[in-house]
Amino acid sequence: TEYTSSVGGGMVEVTMLGNKTVKSVRIKPEVVDPEDVEMLEDLMVSAVNDCISKINADEQSKLPNLGM
């Protein structure tokens, strides 16, 4: 299964596989600002973390109910 997260109004998109391996990263050229590398770093972290959250939520929903 593939999971995709888009952040910054679509400026950064990360696609990961269900095993939490990054498959692709897409960055729109207009977000690349040599004067503000920190913003791009923050967008990347946000996109990756969002994908991981989606994977974890999907895994949890597929686990059998253990009566808890």
# chains A, B, ... in the order shown; residues from 1 in each chain; ligands from 1

call {"tool": "residues_around", "arguments": {"residues": "A:Val25", "least_positions_apart": "2", "cutoff": "12 Å", "atoms": "only C-alpha atoms", "output": "list of chain:residue names"}}
result
A:Tyr3, A:Thr4, A:Ser5, A:Ser6, A:Val7, A:Gly10, A:Met11, A:Val12, A:Glu13, A:Val14, A:Thr15, A:Met16, A:Thr21, A:Val22, A:Lys23, A:Ile27, A:Lys28, A:Leu43, A:Met44, A:Val45, A:Ala47, A:Val48, A:Cys51

call {"tool": "select_by_dssp", "arguments": {"residues": "chain A", "states": "strand (DSSP E or B)", "output": "mmCIF file with C-alpha atoms, in the first residue's frame"}}
result
data_model
loop_
_atom_site.group_PDB
_atom_site.id
_atom_site.type_symbol
_atom_site.label_atom_id
_atom_site.label_comp_id
_atom_site.auth_asym_id
_atom_site.auth_seq_id
_atom_site.Cartn_x
_atom_site.Cartn_y
_atom_site.Cartn_z
ATOM 1 C CA GLU A 2 1.171 3.526 -0.761
ATOM 2 C CA TYR A 3 0.482 6.536 1.437
ATOM 3 C CA THR A 4 0.883 10.105 0.233
ATOM 4 C CA SER A 5 1.018 13.336 2.208
ATOM 5 C CA SER A 6 1.007 16.801 0.725
ATOM 6 C CA VAL A 7 1.932 19.836 2.828
ATOM 7 C CA VAL A 12 5.947 19.220 -0.846
ATOM 8 C CA GLU A 13 4.575 15.724 -1.400
ATOM 9 C CA VAL A 14 5.937 12.506 0.096
ATOM 10 C CA THR A 15 4.850 8.994 -0.836
ATOM 11 C CA MET A 16 5.741 6.104 1.448
ATOM 12 C CA LEU A 17 5.127 2.385 1.325
ATOM 13 C CA VAL A 22 10.020 6.583 1.328
ATOM 14 C CA LYS A 23 9.096 5.911 -2.294
ATOM 15 C CA SER A 24 9.167 9.439 -3.673
ATOM 16 C CA VAL A 25 9.517 13.084 -2.756
ATOM 17 C CA ARG A 26 8.216 15.905 -4.923
ATOM 18 C CA ILE A 27 9.168 19.507 -4.234
#

call {"tool": "closest_residue", "arguments": {"among": "A:Gly8, A:Thr1, A:Pro64, A:Ile55", "to": "A:Met39", "atoms": "only C-alpha atoms"}}
result
A:Gly8

call {"tool": "atom_distance", "arguments": {"atom1": "atom CA of A:Val31", "atom2": "atom CA of A:Gly9"}}
result
10.5 Å

call {"tool": "atom_distance", "arguments": {"atom1": "atom CA of A:Lys62", "atom2": "atom CA of A:Gly18"}}
result
12.5 Å
